file run13.cif (mmCIF, C-alpha atoms)
data_start
#
loop_
_atom_site.label_atom_id
_atom_site.label_comp_id
_atom_site.auth_asym_id
_atom_site.auth_seq_id
_atom_site.Cartn_x
_atom_site.Cartn_y
_atom_site.Cartn_z
CA MET S 1 15.97 27.46 -8.30
CA ALA S 2 13.13 24.93 -8.54
CA THR S 3 14.87 22.36 -6.34
CA VAL S 4 15.44 24.98 -3.66
CA LEU S 5 11.78 25.92 -3.80
CA ILE S 6 10.49 22.34 -3.76
CA ASP S 7 12.72 21.52 -0.75
CA LYS S 8 11.34 24.54 1.12
CA LEU S 9 7.76 23.50 0.32
CA LEU S 10 8.32 19.90 1.40
CA GLU S 11 10.05 21.00 4.59
CA ALA S 12 7.19 23.38 5.47
CA CYS S 13 4.62 20.70 4.63
CA VAL S 14 6.24 18.16 6.98
CA LYS S 15 6.73 20.76 9.77
CA GLN S 16 3.17 22.08 9.65
CA GLY S 17 1.64 18.61 9.23
CA ALA S 18 -0.15 19.49 5.98
CA SER S 19 -1.73 16.54 4.19
CA ASP S 20 -1.38 17.92 0.64
CA ILE S 21 0.43 20.55 -1.44
CA HIS S 22 -1.41 21.98 -4.46
CA ILE S 23 0.67 23.60 -7.18
CA THR S 24 -0.96 25.35 -10.12
CA THR S 25 -0.43 28.51 -12.17
CA GLY S 26 -1.99 31.82 -11.18
CA GLN S 27 -1.73 31.43 -7.42
CA PRO S 28 0.87 30.65 -4.73
CA PRO S 29 1.32 27.04 -3.53
CA VAL S 30 -1.60 25.88 -1.35
CA PHE S 31 -1.44 23.53 1.68
CA ARG S 32 -4.32 21.39 2.95
CA LEU S 33 -4.16 21.68 6.74
CA HIS S 34 -6.63 19.71 8.90
CA GLY S 35 -8.91 19.36 5.90
CA ARG S 36 -8.91 23.07 4.89
CA LEU S 37 -7.01 24.75 2.06
CA ARG S 38 -4.54 27.54 2.98
CA LYS S 39 -2.66 29.68 0.44
CA LEU S 40 0.99 30.31 1.28
CA GLU S 41 2.15 33.89 1.44
CA THR S 42 4.73 33.54 -1.32
CA LYS S 43 4.89 34.52 -4.97
CA VAL S 44 2.16 33.62 -7.45
CA LEU S 45 3.35 30.70 -9.61
CA GLU S 46 3.74 31.23 -13.34
CA SER S 47 3.72 28.67 -16.10
CA GLU S 48 7.51 28.17 -16.07
CA ASP S 49 7.53 27.80 -12.25
CA THR S 50 5.14 24.84 -12.30
CA VAL S 51 7.10 23.19 -15.14
CA ALA S 52 10.39 23.62 -13.24
CA LEU S 53 8.85 22.27 -10.01
CA MET S 54 7.45 19.25 -11.85
CA LYS S 55 10.78 18.50 -13.57
CA SER S 56 12.65 18.74 -10.27
CA ILE S 57 10.81 15.69 -8.83
CA ALA S 58 9.17 13.70 -11.66
CA PRO S 59 11.02 10.65 -13.07
CA GLU S 60 11.62 10.61 -16.85
CA ARG S 61 8.96 7.95 -17.49
CA CYS S 62 6.32 10.09 -15.72
CA GLN S 63 7.30 13.19 -17.69
CA ARG S 64 6.83 11.12 -20.88
CA GLU S 65 3.46 9.82 -19.67
CA LEU S 66 2.41 13.39 -18.83
CA GLN S 67 3.14 14.45 -22.43
CA GLU S 68 1.38 11.40 -23.89
CA VAL S 69 -1.77 11.10 -21.78
CA GLY S 70 -1.92 14.39 -19.86
CA SER S 71 -1.25 13.05 -16.35
CA SER S 72 0.96 10.70 -14.32
CA ASP S 73 1.34 9.46 -10.73
CA PHE S 74 4.43 8.48 -8.76
CA GLY S 75 5.81 8.35 -5.24
CA PHE S 76 9.11 9.68 -3.89
CA ALA S 77 10.92 10.04 -0.58
CA TYR S 78 11.85 13.43 0.86
CA ALA S 79 15.12 12.67 2.70
CA ASP S 80 14.13 10.45 5.63
CA LYS S 81 11.35 12.80 6.74
CA ALA S 82 8.36 11.66 4.69
CA ARG S 83 7.20 10.14 1.43
CA PHE S 84 4.94 11.88 -1.04
CA ARG S 85 2.45 10.48 -3.52
CA VAL S 86 2.35 12.87 -6.48
CA SER S 87 -0.16 13.41 -9.27
CA ILE S 88 1.04 15.65 -12.11
CA PHE S 89 -1.43 16.74 -14.78
CA LYS S 90 -2.13 19.28 -17.48
CA GLN S 91 -4.81 21.92 -17.11
CA ARG S 92 -5.49 24.73 -19.59
CA GLY S 93 -2.26 23.71 -21.26
CA ASP S 94 -0.22 24.34 -18.09
CA ILE S 95 1.26 21.90 -15.59
CA ALA S 96 -0.33 21.35 -12.15
CA MET S 97 0.59 18.99 -9.29
CA VAL S 98 -0.86 17.67 -6.08
CA LEU S 99 1.53 16.11 -3.56
CA ARG S 100 0.02 13.99 -0.76
CA GLN S 101 2.21 13.55 2.30
CA ILE S 102 2.62 9.98 3.53
CA PRO S 103 4.02 10.02 7.07
CA ASN S 104 7.08 7.86 7.77
CA GLU S 105 5.79 6.41 11.00
CA MET S 106 2.96 3.92 10.97
CA LEU S 107 0.55 4.39 13.86
CA PRO S 108 -0.83 1.29 15.58
CA PRO S 109 -4.48 0.49 14.69
CA GLU S 110 -5.71 1.40 18.19
CA VAL S 111 -4.20 4.90 17.91
CA LEU S 112 -6.03 5.42 14.60
CA GLY S 113 -9.25 4.25 16.28
CA VAL S 114 -9.57 1.12 14.11
CA PRO S 115 -12.14 -1.21 15.76
CA ASP S 116 -10.41 -4.04 17.70
CA ILE S 117 -12.22 -6.71 15.72
CA PHE S 118 -10.20 -5.78 12.60
CA THR S 119 -6.87 -6.60 14.23
CA LYS S 120 -8.38 -10.03 14.99
CA LEU S 121 -9.64 -10.44 11.40
CA CYS S 122 -6.11 -9.64 10.10
CA MET S 123 -4.82 -12.72 11.89
CA ARG S 124 -7.30 -15.10 10.25
CA PRO S 125 -5.77 -17.65 7.85
CA ARG S 126 -7.84 -16.47 4.88
CA GLY S 127 -10.48 -14.00 3.72
CA LEU S 128 -11.10 -10.65 2.07
CA ILE S 129 -10.96 -7.46 4.15
CA LEU S 130 -12.11 -4.26 2.42
CA VAL S 131 -11.25 -0.75 3.62
CA THR S 132 -13.46 1.79 1.88
CA GLY S 133 -14.20 5.49 1.78
CA PRO S 134 -13.85 8.57 -0.43
CA THR S 135 -10.45 9.84 -1.61
CA GLY S 136 -8.47 11.34 1.25
CA SER S 137 -10.35 9.49 4.00
CA GLY S 138 -7.22 7.75 5.34
CA LYS S 139 -7.66 4.29 3.76
CA SER S 140 -3.95 3.96 2.91
CA THR S 141 -2.98 4.87 6.48
CA THR S 142 -5.36 2.27 7.95
CA LEU S 143 -4.16 -0.45 5.57
CA ALA S 144 -0.49 0.34 6.24
CA SER S 145 -1.22 0.14 9.96
CA MET S 146 -2.86 -3.29 9.61
CA VAL S 147 -0.04 -4.64 7.41
CA ASN S 148 2.49 -3.35 9.95
CA PHE S 149 0.46 -4.99 12.75
CA ILE S 150 0.86 -8.37 10.98
CA ASN S 151 4.52 -7.66 10.11
CA GLU S 152 5.40 -7.07 13.78
CA ARG S 153 3.66 -10.20 15.05
CA VAL S 154 3.87 -13.15 12.65
CA ASP S 155 6.26 -14.72 10.14
CA HIS S 156 4.19 -14.22 6.99
CA HIS S 157 5.06 -13.41 3.39
CA ILE S 158 3.26 -10.13 2.62
CA ILE S 159 2.94 -8.91 -0.98
CA THR S 160 1.59 -5.40 -1.61
CA ILE S 161 0.44 -4.26 -5.06
CA GLU S 162 0.18 -0.48 -5.22
CA ASP S 163 -0.08 2.41 -7.68
CA PRO S 164 2.17 4.09 -6.60
CA ILE S 165 3.81 2.55 -3.51
CA GLU S 166 2.88 4.75 -0.56
CA PHE S 167 4.11 3.53 2.83
CA TYR S 168 7.43 1.68 2.77
CA HIS S 169 7.34 -1.52 4.84
CA TYR S 170 10.54 -3.08 6.17
CA HIS S 171 11.02 -6.77 6.93
CA LYS S 172 10.24 -7.29 10.63
CA LYS S 173 8.85 -10.70 11.59
CA SER S 174 7.41 -11.01 8.11
CA THR S 175 8.99 -10.75 4.66
CA VAL S 176 7.43 -7.87 2.71
CA ASN S 177 7.63 -7.46 -1.07
CA GLN S 178 6.07 -4.32 -2.55
CA ARG S 179 5.22 -4.18 -6.27
CA GLU S 180 4.41 -0.93 -8.04
CA VAL S 181 1.95 -1.05 -10.94
CA GLY S 182 3.59 0.41 -14.04
CA VAL S 183 7.10 -0.15 -12.68
CA ASP S 184 7.29 -3.72 -11.37
CA VAL S 185 4.14 -5.17 -12.92
CA PRO S 186 1.74 -3.99 -15.68
CA SER S 187 -1.60 -4.25 -13.83
CA PHE S 188 -3.27 -5.09 -10.52
CA SER S 189 -5.00 -8.23 -11.84
CA GLU S 190 -1.77 -9.54 -13.39
CA ALA S 191 0.07 -8.92 -10.09
CA ILE S 192 -2.53 -10.83 -8.04
CA LYS S 193 -2.44 -13.82 -10.41
CA ARG S 194 1.37 -13.88 -10.22
CA ALA S 195 1.30 -13.38 -6.45
CA LEU S 196 -0.50 -16.69 -6.00
CA ARG S 197 2.66 -18.43 -7.23
CA GLN S 198 4.88 -16.47 -4.86
CA ASP S 199 3.89 -18.32 -1.66
CA PRO S 200 2.09 -15.36 -0.06
CA ASP S 201 0.17 -15.33 3.23
CA VAL S 202 -1.11 -11.77 2.86
CA ILE S 203 -1.81 -9.80 -0.33
CA LEU S 204 -2.63 -6.09 -0.27
CA VAL S 205 -4.32 -4.79 -3.44
CA GLY S 206 -4.10 -0.98 -3.59
CA GLU S 207 -7.34 -0.59 -5.52
CA LEU S 208 -10.07 -2.92 -6.76
CA ARG S 209 -10.58 -0.81 -9.86
CA ASP S 210 -11.94 -3.28 -12.43
CA LEU S 211 -13.69 -6.61 -12.86
CA ASP S 212 -10.49 -8.64 -13.41
CA THR S 213 -8.90 -7.25 -10.24
CA ILE S 214 -12.01 -7.88 -8.11
CA GLU S 215 -12.28 -11.43 -9.45
CA ALA S 216 -8.60 -12.15 -8.83
CA ALA S 217 -8.83 -10.75 -5.27
CA ILE S 218 -11.87 -12.89 -4.41
CA THR S 219 -10.15 -15.99 -5.81
CA ALA S 220 -6.99 -15.24 -3.80
CA ALA S 221 -9.08 -14.87 -0.61
CA GLU S 222 -10.85 -18.17 -1.31
CA THR S 223 -7.61 -20.07 -1.86
CA GLY S 224 -6.24 -19.50 1.63
CA HIS S 225 -4.80 -15.98 1.81
CA ILE S 226 -5.69 -12.81 3.67
CA VAL S 227 -6.42 -10.19 1.00
CA PHE S 228 -6.80 -6.48 1.74
CA GLY S 229 -8.42 -4.24 -0.85
CA THR S 230 -9.87 -0.73 -1.14
CA LEU S 231 -12.94 0.74 -2.85
CA HIS S 232 -14.31 4.28 -3.06
CA THR S 233 -17.62 3.43 -1.37
CA ASN S 234 -19.08 5.22 1.66
CA SER S 235 -20.81 2.41 3.54
CA ALA S 236 -20.42 -1.30 4.19
CA GLN S 237 -23.77 -2.11 2.58
CA GLY S 238 -22.85 0.00 -0.48
CA THR S 239 -19.50 -1.82 -0.75
CA VAL S 240 -21.10 -5.26 -1.01
CA ASN S 241 -23.54 -3.96 -3.65
CA ARG S 242 -20.76 -2.26 -5.63
CA ILE S 243 -18.76 -5.49 -5.89
CA ILE S 244 -21.76 -7.56 -6.99
CA ASP S 245 -22.90 -4.87 -9.47
CA ALA S 246 -19.45 -4.84 -11.09
CA PHE S 247 -20.29 -8.25 -12.58
CA PRO S 248 -22.65 -8.90 -15.49
CA GLY S 249 -26.11 -10.20 -14.56
CA GLN S 250 -25.55 -13.88 -15.31
CA LEU S 251 -22.49 -13.98 -13.01
CA GLN S 252 -24.00 -12.14 -10.06
CA GLU S 253 -25.45 -15.17 -8.33
CA GLN S 254 -22.11 -16.98 -8.44
CA ILE S 255 -20.30 -13.87 -7.13
CA ARG S 256 -22.81 -13.51 -4.28
CA THR S 257 -22.00 -17.08 -3.24
CA GLN S 258 -18.22 -16.52 -3.53
CA LEU S 259 -18.39 -13.21 -1.68
CA SER S 260 -20.48 -14.71 1.14
CA THR S 261 -17.71 -17.23 1.85
CA SER S 262 -14.62 -15.08 1.13
CA LEU S 263 -15.53 -11.64 2.57
CA ILE S 264 -14.75 -11.43 6.30
CA GLY S 265 -14.98 -7.69 7.03
CA VAL S 266 -15.66 -4.22 5.61
CA LEU S 267 -14.34 -1.07 7.25
CA ALA S 268 -15.79 2.14 5.78
CA GLN S 269 -14.11 5.31 6.98
CA THR S 270 -14.14 9.08 6.78
CA LEU S 271 -11.98 11.85 8.26
CA LEU S 272 -13.34 14.80 10.24
CA PRO S 273 -11.75 17.90 11.82
CA ARG S 274 -11.11 17.18 15.50
CA ILE S 275 -12.06 19.82 18.06
CA GLY S 276 -8.78 21.40 19.17
CA GLY S 277 -6.93 20.58 15.93
CA GLY S 278 -5.93 17.59 13.86
CA ARG S 279 -8.33 15.07 12.42
CA ILE S 280 -10.22 12.04 13.65
CA ALA S 281 -11.57 9.05 11.74
CA GLY S 282 -15.17 7.89 11.78
CA PHE S 283 -15.59 4.16 11.09
CA GLU S 284 -18.42 1.86 10.01
CA SER S 285 -17.57 -1.78 10.61
CA LEU S 286 -19.23 -4.85 9.16
CA VAL S 287 -18.11 -8.31 10.30
CA VAL S 288 -19.34 -11.12 8.05
CA THR S 289 -21.07 -13.48 10.49
CA PRO S 290 -23.02 -16.52 9.19
CA GLY S 291 -26.15 -14.33 9.29
CA VAL S 292 -24.55 -11.59 7.16
CA ALA S 293 -23.14 -14.23 4.78
CA ASN S 294 -26.72 -15.48 4.27
CA LEU S 295 -27.94 -11.95 3.45
CA ILE S 296 -25.22 -11.62 0.80
CA ARG S 297 -25.92 -15.05 -0.67
CA GLU S 298 -29.70 -14.54 -0.75
CA ASN S 299 -29.50 -11.07 -2.33
CA LYS S 300 -30.86 -9.33 0.78
CA THR S 301 -28.06 -6.79 1.10
CA PHE S 302 -30.63 -4.07 1.96
CA ARG S 303 -30.79 -5.70 5.40
CA ILE S 304 -27.05 -5.38 6.10
CA ASN S 305 -27.48 -2.04 7.95
CA SER S 306 -29.97 -3.70 10.35
CA ALA S 307 -27.49 -6.53 10.89
CA ILE S 308 -24.76 -3.99 11.75
CA GLN S 309 -27.12 -2.26 14.22
CA THR S 310 -27.84 -5.47 16.08
CA GLY S 311 -24.26 -6.79 15.73
CA ALA S 312 -22.49 -4.65 18.33
CA LYS S 313 -21.42 -7.78 20.22
CA PHE S 314 -19.48 -8.88 17.11
CA GLY S 315 -17.72 -5.50 16.89
CA MET S 316 -20.05 -3.96 14.31
CA MET S 317 -21.08 -0.31 14.21
CA LEU S 318 -22.84 2.03 11.79
CA MET S 319 -21.06 5.21 10.68
CA ASP S 320 -23.79 7.46 12.14
CA ASP S 321 -23.49 5.73 15.56
CA CYS S 322 -19.73 6.32 15.48
CA LEU S 323 -20.25 10.01 14.56
CA PHE S 324 -22.81 10.35 17.36
CA GLU S 325 -20.32 8.91 19.88
CA HIS S 326 -17.60 11.29 18.66
CA TRP S 327 -20.03 14.21 19.15
CA VAL S 328 -21.10 13.00 22.63
CA ASN S 329 -17.41 12.71 23.60
CA GLU S 330 -16.84 16.28 22.34
CA LYS S 331 -14.34 15.20 19.69
CA ILE S 332 -16.19 16.71 16.70
CA GLU S 333 -18.63 19.55 15.99
CA MET S 334 -22.25 18.75 15.17
CA GLU S 335 -21.98 20.38 11.70
CA ASP S 336 -19.03 18.13 10.79
CA ALA S 337 -20.88 15.03 12.03
CA LEU S 338 -23.97 15.85 9.96
CA GLY S 339 -21.82 16.61 6.91
CA LYS S 340 -20.46 13.04 6.91
CA ALA S 341 -23.60 11.23 8.13
CA GLN S 342 -25.37 8.57 6.06
CA ASP S 343 -28.75 9.86 7.34
CA PRO S 344 -28.20 13.49 8.46
CA ASP S 345 -31.85 14.07 9.44
CA ALA S 346 -31.98 11.07 11.78
CA LEU S 347 -28.61 12.00 13.31
CA ALA S 348 -29.70 15.65 13.79
CA LYS S 349 -32.79 14.40 15.69
CA ARG S 350 -30.67 12.15 17.92
CA ILE S 351 -28.28 14.98 18.70
CA ALA S 352 -31.19 17.33 19.49
CA THR S 353 -32.71 14.72 21.84
CA ALA S 354 -29.33 14.09 23.51
CA ARG S 355 -28.80 17.85 23.96
CA ARG S 356 -32.20 18.16 25.64
CA GLN S 357 -31.40 15.26 27.97
CA MET S 358 -28.03 16.79 28.87
CA GLU S 359 -29.64 20.16 29.60
CA GLU S 360 -32.20 18.48 31.84
CA GLY S 361 -29.39 16.65 33.62
CA MET S 362 -30.59 13.22 32.50
CA PRO S 363 -27.94 10.59 31.74
CA LEU S 364 -27.75 9.47 28.12
CA GLY S 365 -29.42 6.07 28.04
CA GLU S 366 -28.05 3.08 26.19
CA GLY S 367 -30.86 3.50 23.72
CA ASP S 368 -29.52 6.90 22.66
CA LEU S 369 -26.35 5.34 21.29
CA GLU S 370 -28.28 3.03 19.02
CA MET S 371 -30.50 3.92 16.09
CA ASP S 372 -34.14 2.89 16.00
CA GLU S 373 -34.47 -0.45 14.29
CA GLU S 374 -37.31 0.49 11.98
CA ASP S 375 -35.64 -0.41 8.71
CA ASP S 376 -35.56 -4.19 9.23
CA TYR S 377 -37.89 -4.86 6.34
#
call {"tool": "encode", "arguments": {"input": "run13.cif", "output": "structure tokens"}}
result
Amino acid sequence: MATVLIDKLLEACVKQGASDIHITTGQPPVFRLHGRLRKLETKVLESEDTVALMKSIAPERCQRELQEVGSSDFGFAYADKARFRVSIFKQRGDIAMVLRQIPNEMLPPEVLGVPDIFTKLCMRPRGLILVTGPTGSGKSTTLASMVNFINERVDHHIITIEDPIEFYHYHKKSTVNQREVGVDVPSFSEAIKRALRQDPDVILVGELRDLDTIEAAITAAETGHIVFGTLHTNSAQGTVNRIIDAFPGQLQEQIRTQLSTSLIGVLAQTLLPRIGGGRIAGFESLVVTPGVANLIRENKTFRINSAIQTGAKFGMMLMDDCLFEHWVNEKIEMEDALGKAQDPDALAKRIATARRQMEEGMPLGEGDLEMDEEDDY
């Protein structure tokens, strides 16, 4: 019974293009479609339904972990149609699950809207590239796209360290080895240290979740590898601060120096509903030029936003400028842009000014696409 039901749910999820399936007692299954939650018109799930659904897909080790610690994560393939990343957990003594759909096809970076400069940074011989943003902002999709970009073009050894493995990569021009934390290796930091002995060119670290992992990733980037990592930060400037603040005070100066030489780019992203359906990504891109490296080294990270504003020729852009462009190009609604903006008041003013200019038939000047540069302290 449960397997029939789970197959129907997965099939419907893939067909409708839902990003997530929520399963919990007391209501029917729920799909997240284009960022909004939609209840399915089927029966309300009872306690035994959610248990049966969980048992139909969860491996034994995850069922044990669920009993021991109250939650577990794993990935599985649904035929050859899609993969799902699953989180099972207890709530009010019952079982609940969230299944995130991971599409089978990897879109090229340009289709996702990834700034061109990042495909160039990928091809560098060494350095740390961070892709950041809140949960569900498409970081995994962007990283998979960049890894695939390398895989199709050069003969590298790529090692990914993930929890759980999301996108499956096949050997194309490169050799790809994917290690799952908890299955193939006990922790992220252990996997990075081991990876350095496995002749890698590229290392992808699913999540920089603790001090040891961050340290190991920076060391790997310094020793001649391209390292990709993710953090749950909303801006490029915030990302640099978060990494430095993860270290105790006496180590921060040393980390600032290491980061200024190893970090080559930060891509912060968010997802917004696209006018006409689907979703579109907003990006903030920081490229670590010698000037930006100096700001990091000299503890002047508060000036990074100004550097991004004036760094358009290097491929840099602030999130709010990207959102403004999406609005001007009629890809997103104003409310959605303001909801994801770093400075909603300033963006609202710019949009109001642009609207007035459009109504008066004036062309939007170059200046309207760039923020005022008042915050260069």
call {"tool": "residues_around", "arguments": {"input": "run13.cif", "residues": "segment 50-54 of chain S", "least_positions_apart": "5", "cutoff": "8 Å", "atoms": "only C-alpha atoms", "output": "PDB file with C-alpha atoms, in the frame of the given file"}}
result
ATOM      1  CA  ALA S   2      13.130  24.930  -8.540  1.00  0.00           C
ATOM      2  CA  THR S   3      14.870  22.360  -6.340  1.00  0.00           C
ATOM      3  CA  LEU S   5      11.780  25.920  -3.800  1.00  0.00           C
ATOM      4  CA  ILE S   6      10.490  22.340  -3.760  1.00  0.00           C
ATOM      5  CA  ILE S  23       0.670  23.600  -7.180  1.00  0.00           C
ATOM      6  CA  THR S  24      -0.960  25.350 -10.120  1.00  0.00           C
ATOM      7  CA  THR S  25      -0.430  28.510 -12.170  1.00  0.00           C
ATOM      8  CA  LEU S  45       3.350  30.700  -9.610  1.00  0.00           C
ATOM      9  CA  ILE S  88       1.040  15.650 -12.110  1.00  0.00           C
ATOM     10  CA  ASP S  94      -0.220  24.340 -18.090  1.00  0.00           C
ATOM     11  CA  ILE S  95       1.260  21.900 -15.590  1.00  0.00           C
ATOM     12  CA  ALA S  96      -0.330  21.350 -12.150  1.00  0.00           C
ATOM     13  CA  MET S  97       0.590  18.990  -9.290  1.00  0.00           C
TER      14      MET S  97
END
call {"tool": "resolve_selection", "arguments": {"input": "run13.cif", "expression": "the PyMOL selection byres ((chain S and resi 293) around 12)", "output": "MDAnalysis selection string"}}
result
chainID S and resid 240 256:265 286:292 294:301 303:304 307
call {"tool": "resolve_selection", "arguments": {"input": "run13.cif", "expression": "the PyMOL selection byres ((chain S and resi 28-30) around 8)", "output": "list in words"}}
result
Ile21, His22, Ile23, Thr24, Thr25, Gly26, Gln27, Phe31, Arg32, Leu37, Arg38, Lys39, Leu40, Glu41, Thr42, Lys43, Val44 and Leu45 of chain S
call {"tool": "axis_aligned_box", "arguments": {"input": "run13.cif", "around": "segment 129-137 of chain S", "padding_each_side": "5 Å", "output": "JSON"}}
result
{"center_x": -11.3, "center_y": 1.9, "center_z": 1.3, "size_x": 15.7, "size_y": 28.8, "size_z": 15.8}
call {"tool": "residues_around", "arguments": {"input": "run13.cif", "residues": "segment 169-174 of chain S", "least_positions_apart": "2", "cutoff": "9 Å", "atoms": "only C-alpha atoms", "output": "PyMOL selection string"}}
result
chain S and resi 144+147-148+150-158+167+176-178
call {"tool": "atom_distance", "arguments": {"input": "run13.cif", "atom1": "atom CA of Arg279 of chain S", "atom2": "atom CA of Ile226 of chain S"}}
result
29.3 Å
call {"tool": "closest_atom_pairs", "arguments": {"input": "run13.cif", "of": "segment 170-218 of chain S", "to": "segment 112-133 of chain S", "cutoff": "10 Å", "atoms": "all atoms listed in the file", "output": "JSON lines"}}
result
{"residue": "S:Asp201", "atom": "CA", "partner": "S:Pro125", "partner_atom": "CA", "distance": 7.9}
{"residue": "S:Val202", "atom": "CA", "partner": "S:Arg126", "partner_atom": "CA", "distance": 8.5}
{"residue": "S:Ile203", "atom": "CA", "partner": "S:Leu128", "partner_atom": "CA", "distance": 9.6}
{"residue": "S:Leu204", "atom": "CA", "partner": "S:Ile129", "partner_atom": "CA", "distance": 9.5}
{"residue": "S:Val205", "atom": "CA", "partner": "S:Leu130", "partner_atom": "CA", "distance": 9.8}
{"residue": "S:Glu207", "atom": "CA", "partner": "S:Thr132", "partner_atom": "CA", "distance": 9.9}
{"residue": "S:Leu208", "atom": "CA", "partner": "S:Leu130", "partner_atom": "CA", "distance": 9.5}
{"residue": "S:Ala217", "atom": "CA", "partner": "S:Leu128", "partner_atom": "CA", "distance": 7.7}
{"residue": "S:Ile218", "atom": "CA", "partner": "S:Leu128", "partner_atom": "CA", "distance": 6.9}
call {"tool": "closest_residue", "arguments": {"input": "run13.cif", "among": "S:Ser235, S:Thr213, S:Lys90, S:Asp80", "to": "Glu105 of chain S", "atoms": "all atoms listed in the file"}}
result
S:Asp80
call {"tool": "atom_distance", "arguments": {"input": "run13.cif", "atom1": "atom CA of Val266 of chain S", "atom2": "atom CA of Ala236 of chain S"}}
result
5.8 Å
call {"tool": "resolve_selection", "arguments": {"input": "run13.cif", "expression": "the PyMOL selection byres ((chain S and resi 344-359) around 9)", "output": "VMD selection string"}}
result
chain S and resid 320 to 321 323 to 324 327 to 328 334 337 to 343 360 to 364 368 to 369 371
call {"tool": "write_last_selection", "arguments": {"input": "run13.cif", "atoms": "C-alpha atoms", "output": "CSV table (one decimal), in the coordinates of the input"}}
result
chain,number,residue,atom,x,y,z
S,320,ASP,CA,-23.8,7.5,12.1
S,321,ASP,CA,-23.5,5.7,15.6
S,323,LEU,CA,-20.2,10.0,14.6
S,324,PHE,CA,-22.8,10.4,17.4
S,327,TRP,CA,-20.0,14.2,19.2
S,328,VAL,CA,-21.1,13.0,22.6
S,334,MET,CA,-22.2,18.8,15.2
S,337,ALA,CA,-20.9,15.0,12.0
S,338,LEU,CA,-24.0,15.8,10.0
S,339,GLY,CA,-21.8,16.6,6.9
S,340,LYS,CA,-20.5,13.0,6.9
S,341,ALA,CA,-23.6,11.2,8.1
S,342,GLN,CA,-25.4,8.6,6.1
S,343,ASP,CA,-28.8,9.9,7.3
S,360,GLU,CA,-32.2,18.5,31.8
S,361,GLY,CA,-29.4,16.6,33.6
S,362,MET,CA,-30.6,13.2,32.5
S,363,PRO,CA,-27.9,10.6,31.7
S,364,LEU,CA,-27.8,9.5,28.1
S,368,ASP,CA,-29.5,6.9,22.7
S,369,LEU,CA,-26.4,5.3,21.3
S,371,MET,CA,-30.5,3.9,16.1
call {"tool": "residues_around", "arguments": {"input": "run13.cif", "residues": "segment 10-19 of chain S", "least_positions_apart": "5", "cutoff": "10 Å", "atoms": "only C-alpha atoms", "output": "MDAnalysis selection string"}}
result
chainID S and resid 5 30:38 78:79 81:84 99:103 136 278
call {"tool": "closest_residue", "arguments": {"input": "run13.cif", "among": "S:Leu271, S:Ile308, S:Ile165, S:Met317", "to": "Gly138 of chain S", "atoms": "only C-alpha atoms"}}
result
S:Leu271
call {"tool": "decode", "arguments": {"input": "run13.cif", "residues": "segment 174-186 of chain S", "atoms": "C-alpha atoms", "output": "mmCIF file, in the first residue's frame"}}
result
data_model
loop_
_atom_site.group_PDB
_atom_site.id
_atom_site.type_symbol
_atom_site.label_atom_id
_atom_site.label_comp_id
_atom_site.auth_asym_id
_atom_site.auth_seq_id
_atom_site.Cartn_x
_atom_site.Cartn_y
_atom_site.Cartn_z
ATOM 1 C CA SER S 174 37.104 14.235 -15.588
ATOM 2 C CA THR S 175 37.094 11.395 -13.067
ATOM 3 C CA VAL S 176 34.495 12.045 -10.355
ATOM 4 C CA ASN S 177 34.443 10.338 -6.954
ATOM 5 C CA GLN S 178 31.537 11.178 -4.644
ATOM 6 C CA ARG S 179 31.789 10.449 -0.911
ATOM 7 C CA GLU S 180 28.767 10.496 1.375
ATOM 8 C CA VAL S 181 29.289 11.568 4.985
ATOM 9 C CA GLY S 182 28.047 8.823 7.304
ATOM 10 C CA VAL S 183 28.304 6.158 4.592
ATOM 11 C CA ASP S 184 31.721 6.496 2.943
ATOM 12 C CA VAL S 185 33.459 8.733 5.470
ATOM 13 C CA PRO S 186 32.673 9.817 9.070
#
